[in-house]
Amino acid sequence: MNHIPPVLNTLRTVGQPVFLVEQDGQWTVEASAALRANRSAFIPPCRLEDLGDATFRADHGLRFAYIAGAMANGIGSVEIVEAMSRAGMLGFFGAAGLPLARIEVAIDRLSHSLHDGPHGFNLIHSPTEPDHENAVVDLYLRAGVRLVEASAYLDLTLPLIRYRTQGIHADGAGRITAPNRVIAKVSRVEVASRFFAPPPARMLQELVRTGALSAEQAQLAGRIPVAQDLTAEADSGGHTDNRPLVTLLPTMIALRDRMQAQHHYEIPLRVGAAGGISTPASAAAAFVMGAAYVLTGSVNQACVESGSSDAVREMLAQAEQADVIMAPAADMFEMGVKVQVLKRGTMFAMRAAKLYELYRGHARLEDLPAAERAGLEKNLFRAPLAEIWTATRGYFLERDSNQVDRAEREPKHKMALVFRWYLGQSSRWANAGEPTRKVDYQVWCGPAMGAFNEWTKGSFLEQAGNRRVVTVARNLLYGAAVLMRLNALRCQGVSLEPEWSRVPPLEPERLDLATR
């Protein structure tokens, strides 16, 4: 086997080209690629700024093709969005699950702190609360939010299309300009095909009828995709179909190519990768498979800037890949939709599953067996169910009064809203670090968290207090670049020791030197 230990550090200075020449069975660094009789190898530079799609970086004003996704309830915090933007990356504020007033505060802060710097907000599908989704779109349009991450969509909705097409026009050269952009995050081909297609004609017609669009604007909107960029979301925390990235990403890229060939968009469609991106190897694999960008989630929640609590960050730092489980989702509880959460250190998943079982088996709260009701009131709700309904009713009177009207007509819906109280509060208890409710914490988490902990073991990033989103992001990109350079050697017949592919995290100062 050929050995290259003396040049390993040179290989890991990823912005510099390397010429190697074999002499007496050893490889040495040369200053140029002068032709020799000896066997030689060339490793091109692999700058972090060159990973991913150059048009994606240019269109969004980014230095790096890297996104911190919008984790709900403000876990994707303004601090994360600010840190990412200032480092030349993109962050989305986790608006899902928050009241409009809280979202508006975040918009005001980010518009003042970042001005035109890259940033965006989440827009989540709300099939059980369509009025709230519509109100969020109203707020975004009123506040001039120009970029959203559309997540958990089962189908396109009128508010989403209204956001995308608002203000669309043609410039002097006839080029279509749509001020509002959507980055969709999906895991199903049938949903992705709707995002890559122009807005449905029936929705455009409805927007014309209501005066939201002119007939000319509707005609222009029929020539652009709902989303120019789409994230293939593999096995991830929160809403997920648990698809493996190695099969999902190529499928979405093939769909992209078919849709581009069909519609001939002026700006080509792009596909990024999410789900499991938590190590240099996973990031490198995504880029090699053709991802325009990578998007992370679980690892950002574990960082100090997240909107979660120190208690949750410590729990995440201990997680292994098998310490996750699927549990009923608060926002789509009645539909049986599930989210992936942390299993270790919490009983949330088991308790949430029990609530869904009771919901399926009974028509109203009054039908619950006495023993079951007593157990719920003692262990989960820690209050009488009537008291929980009073609190829930007050919440929805402010957020979406139609839910209260329906609950008073339909006892089963009332039961769903009461049970959703526990599912909704469990995330808030986790974010607040409520010590009396630790057993009930709902922590969205995928197996990526365990892989991240394995990679960082023994390094400065092993400690939860040292994890910062930009440091994590740059290390993932740097590690990916190193692995891609090493793979260039393999492609030239150079055998590598296994340990050369281990790229431990570097402190920011050392990272600066290695990425020159």
# chains A, B, ... in the order shown; residues from 1 in each chain; ligands from 1
>>> residues_around(residues="Glu206 of chain A", least_positions_apart="4", cutoff="10 Å", atoms="only C-alpha atoms", output="list in words")
Leu158, Arg162, Ala201, Arg202, Thr210, Gly211, Ala212, Leu213 and Ala218 of chain A
>>> residues_around(residues="segment 333-336 of chain A", least_positions_apart="4", cutoff="8 Å", atoms="only C-alpha atoms", output="PyMOL selection string")
chain A and resi 328-329+356+416+420
>>> write_last_selection(atoms="C-alpha atoms", output="mmCIF file, in the first residue's frame")
data_model
loop_
_atom_site.group_PDB
_atom_site.id
_atom_site.type_symbol
_atom_site.label_atom_id
_atom_site.label_comp_id
_atom_site.auth_asym_id
_atom_site.auth_seq_id
_atom_site.Cartn_x
_atom_site.Cartn_y
_atom_site.Cartn_z
ATOM 1 C CA PRO A 328 -48.095 11.626 16.476
ATOM 2 C CA ALA A 329 -47.734 15.144 15.101
ATOM 3 C CA TYR A 356 -53.907 8.941 19.461
ATOM 4 C CA ALA A 416 -58.540 16.205 19.257
ATOM 5 C CA ARG A 420 -53.206 18.371 20.860
#
>>> select_by_dssp(residues="segment 209-409 of chain A", states="strand (DSSP E)", output="ChimeraX atom specification")
/A:229-233,238-239,270-274,294-296,324-328,338-342
>>> write_last_selection(atoms="N, CA and C atoms", output="PDB file, in the first residue's frame")
ATOM      1  N   ASP A 229     -36.254  26.141  -6.355  1.00  0.00           N
ATOM      2  CA  ASP A 229     -35.369  25.272  -5.578  1.00  0.00           C
ATOM      3  C   ASP A 229     -36.207  24.332  -4.723  1.00  0.00           C
ATOM      4  N   LEU A 230     -35.782  23.081  -4.659  1.00  0.00           N
ATOM      5  CA  LEU A 230     -36.510  22.069  -3.896  1.00  0.00           C
ATOM      6  C   LEU A 230     -35.524  21.221  -3.109  1.00  0.00           C
ATOM      7  N   THR A 231     -35.798  21.075  -1.827  1.00  0.00           N
ATOM      8  CA  THR A 231     -34.949  20.264  -0.959  1.00  0.00           C
ATOM      9  C   THR A 231     -35.511  18.869  -0.860  1.00  0.00           C
ATOM     10  N   ALA A 232     -34.731  17.872  -1.259  1.00  0.00           N
ATOM     11  CA  ALA A 232     -35.116  16.470  -1.090  1.00  0.00           C
ATOM     12  C   ALA A 232     -34.891  16.110   0.374  1.00  0.00           C
ATOM     13  N   GLU A 233     -35.986  15.966   1.122  1.00  0.00           N
ATOM     14  CA  GLU A 233     -35.887  15.735   2.564  1.00  0.00           C
ATOM     15  C   GLU A 233     -35.931  14.241   2.861  1.00  0.00           C
ATOM     16  N   GLY A 238     -38.570  15.683  13.035  1.00  0.00           N
ATOM     17  CA  GLY A 238     -39.852  16.299  12.744  1.00  0.00           C
ATOM     18  C   GLY A 238     -40.602  15.553  11.665  1.00  0.00           C
ATOM     19  N   HIS A 239     -41.308  16.306  10.785  1.00  0.00           N
ATOM     20  CA  HIS A 239     -42.059  15.688   9.695  1.00  0.00           C
ATOM     21  C   HIS A 239     -41.097  14.967   8.758  1.00  0.00           C
ATOM     22  N   ARG A 270     -33.482  23.497  -9.437  1.00  0.00           N
ATOM     23  CA  ARG A 270     -32.359  22.983  -8.638  1.00  0.00           C
ATOM     24  C   ARG A 270     -32.888  22.122  -7.498  1.00  0.00           C
ATOM     25  N   VAL A 271     -32.069  21.156  -7.075  1.00  0.00           N
ATOM     26  CA  VAL A 271     -32.435  20.248  -5.991  1.00  0.00           C
ATOM     27  C   VAL A 271     -31.323  20.226  -4.953  1.00  0.00           C
ATOM     28  N   GLY A 272     -31.698  20.447  -3.682  1.00  0.00           N
ATOM     29  CA  GLY A 272     -30.761  20.326  -2.574  1.00  0.00           C
ATOM     30  C   GLY A 272     -31.050  19.088  -1.763  1.00  0.00           C
ATOM     31  N   ALA A 273     -30.232  18.851  -0.746  1.00  0.00           N
ATOM     32  CA  ALA A 273     -30.337  17.623   0.042  1.00  0.00           C
ATOM     33  C   ALA A 273     -30.460  17.925   1.523  1.00  0.00           C
ATOM     34  N   ALA A 274     -31.364  17.201   2.187  1.00  0.00           N
ATOM     35  CA  ALA A 274     -31.538  17.313   3.632  1.00  0.00           C
ATOM     36  C   ALA A 274     -31.889  15.944   4.189  1.00  0.00           C
ATOM     37  N   VAL A 294     -26.790  21.815   0.607  1.00  0.00           N
ATOM     38  CA  VAL A 294     -27.180  20.915   1.689  1.00  0.00           C
ATOM     39  C   VAL A 294     -27.934  21.724   2.742  1.00  0.00           C
ATOM     40  N   LEU A 295     -28.844  21.055   3.430  1.00  0.00           N
ATOM     41  CA  LEU A 295     -29.649  21.689   4.477  1.00  0.00           C
ATOM     42  C   LEU A 295     -29.582  20.828   5.727  1.00  0.00           C
ATOM     43  N   THR A 296     -29.312  21.455   6.861  1.00  0.00           N
ATOM     44  CA  THR A 296     -29.225  20.739   8.135  1.00  0.00           C
ATOM     45  C   THR A 296     -30.360  21.167   9.061  1.00  0.00           C
ATOM     46  N   VAL A 324     -34.143   7.439  18.406  1.00  0.00           N
ATOM     47  CA  VAL A 324     -35.228   8.236  17.833  1.00  0.00           C
ATOM     48  C   VAL A 324     -36.427   7.328  17.582  1.00  0.00           C
ATOM     49  N   ILE A 325     -37.604   7.950  17.472  1.00  0.00           N
ATOM     50  CA  ILE A 325     -38.837   7.185  17.311  1.00  0.00           C
ATOM     51  C   ILE A 325     -39.880   8.079  16.656  1.00  0.00           C
ATOM     52  N   MET A 326     -40.847   7.474  15.980  1.00  0.00           N
ATOM     53  CA  MET A 326     -41.937   8.234  15.380  1.00  0.00           C
ATOM     54  C   MET A 326     -43.063   8.410  16.391  1.00  0.00           C
ATOM     55  N   ALA A 327     -43.696   9.600  16.377  1.00  0.00           N
ATOM     56  CA  ALA A 327     -44.767   9.923  17.314  1.00  0.00           C
ATOM     57  C   ALA A 327     -45.807  10.786  16.612  1.00  0.00           C
ATOM     58  N   PRO A 328     -47.057  10.797  17.096  1.00  0.00           N
ATOM     59  CA  PRO A 328     -48.095  11.626  16.476  1.00  0.00           C
ATOM     60  C   PRO A 328     -47.706  13.096  16.414  1.00  0.00           C
ATOM     61  N   LYS A 338     -47.168  11.504  11.509  1.00  0.00           N
ATOM     62  CA  LYS A 338     -46.202  11.372  12.596  1.00  0.00           C
ATOM     63  C   LYS A 338     -44.959  12.215  12.348  1.00  0.00           C
ATOM     64  N   VAL A 339     -44.254  12.493  13.430  1.00  0.00           N
ATOM     65  CA  VAL A 339     -42.978  13.196  13.379  1.00  0.00           C
ATOM     66  C   VAL A 339     -41.922  12.346  14.076  1.00  0.00           C
ATOM     67  N   GLN A 340     -40.661  12.568  13.708  1.00  0.00           N
ATOM     68  CA  GLN A 340     -39.568  11.823  14.340  1.00  0.00           C
ATOM     69  C   GLN A 340     -39.004  12.645  15.503  1.00  0.00           C
ATOM     70  N   VAL A 341     -38.898  11.999  16.656  1.00  0.00           N
ATOM     71  CA  VAL A 341     -38.494  12.696  17.876  1.00  0.00           C
ATOM     72  C   VAL A 341     -37.441  11.889  18.628  1.00  0.00           C
ATOM     73  N   LEU A 342     -36.828  12.542  19.595  1.00  0.00           N
ATOM     74  CA  LEU A 342     -35.861  11.885  20.468  1.00  0.00           C
ATOM     75  C   LEU A 342     -36.591  10.936  21.411  1.00  0.00           C
TER      76      LEU A 342
END
>>> select_by_dssp(residues="segment 19-266 of chain A", states="alpha helix (DSSP H)", output="ChimeraX atom specification")
/A:54-60,78-86,100-114,130-143,158-165,189-196,201-209,215-221,245-263
>>> closest_residue(among="A:Pro159, A:Pro17, A:Gly117, A:Gly424", to="Val29 of chain A", atoms="only C-alpha atoms")
A:Pro17
>>> closest_residue(among="A:Asp131, A:Ala227, A:Ala54, A:Ala317", to="Phe396 of chain A", atoms="only C-alpha atoms")
A:Asp131
>>> atom_distance(atom1="atom CA of Gly493 of chain A", atom2="atom CA of Glu49 of chain A")
27.5 Å
>>> residues_around(residues="Arg428 of chain A", least_positions_apart="6", cutoff="9 Å", atoms="only C-alpha atoms", output="PyMOL selection string")
chain A and resi 73+308+434+441-442
>>> residues_around(residues="Leu100 of chain A", least_positions_apart="6", cutoff="9 Å", atoms="only C-alpha atoms", output="list in words")
His132, Ala135, Val136, Leu139 and Arg399 of chain A
>>> write_last_selection(atoms="all heavy atoms", output="compact mmCIF listing (two decimals), in the first residue's frame")
# COMPACT_ATOMS: atom_id res chain seq x y z
N HIS A 132 -55.09 30.16 9.54
CA HIS A 132 -53.81 30.61 10.09
C HIS A 132 -52.75 30.66 9.00
O HIS A 132 -51.96 31.62 8.95
CB HIS A 132 -53.37 29.68 11.22
CG HIS A 132 -52.08 30.10 11.86
ND1 HIS A 132 -51.98 31.22 12.66
CD2 HIS A 132 -50.83 29.58 11.78
CE1 HIS A 132 -50.73 31.36 13.06
NE2 HIS A 132 -50.02 30.38 12.54
N ALA A 135 -53.29 33.75 7.15
CA ALA A 135 -52.89 34.93 7.92
C ALA A 135 -51.37 35.10 7.92
O ALA A 135 -50.87 36.24 7.88
CB ALA A 135 -53.40 34.82 9.36
N VAL A 136 -50.63 34.00 7.96
CA VAL A 136 -49.17 34.07 7.90
C VAL A 136 -48.73 34.65 6.55
O VAL A 136 -47.84 35.50 6.47
CB VAL A 136 -48.53 32.69 8.14
CG1 VAL A 136 -47.03 32.73 7.87
CG2 VAL A 136 -48.78 32.23 9.58
N LEU A 139 -49.24 38.31 6.50
CA LEU A 139 -48.17 38.98 7.24
C LEU A 139 -46.90 39.06 6.40
O LEU A 139 -46.26 40.13 6.33
CB LEU A 139 -47.90 38.23 8.55
CG LEU A 139 -46.68 38.69 9.36
CD1 LEU A 139 -46.82 40.15 9.77
CD2 LEU A 139 -46.49 37.80 10.58
N ARG A 399 -56.14 32.43 17.85
CA ARG A 399 -55.38 31.94 16.70
C ARG A 399 -56.29 31.61 15.50
O ARG A 399 -56.00 31.98 14.37
CB ARG A 399 -54.59 30.69 17.10
CG ARG A 399 -53.74 30.07 15.99
CD ARG A 399 -53.06 28.81 16.49
NE ARG A 399 -52.33 28.13 15.45
CZ ARG A 399 -51.04 28.31 15.19
NH1 ARG A 399 -50.36 29.19 15.91
NH2 ARG A 399 -50.42 27.63 14.25
>>> closest_residue(among="A:Glu497, A:Glu509, A:Glu372, A:Glu305", to="Gly74 of chain A", atoms="only C-alpha atoms")
A:Glu305
>>> closest_residue(among="A:Met289, A:Leu51, A:Ala302, A:Met347", to="Arg468 of chain A", atoms="only C-alpha atoms")
A:Ala302
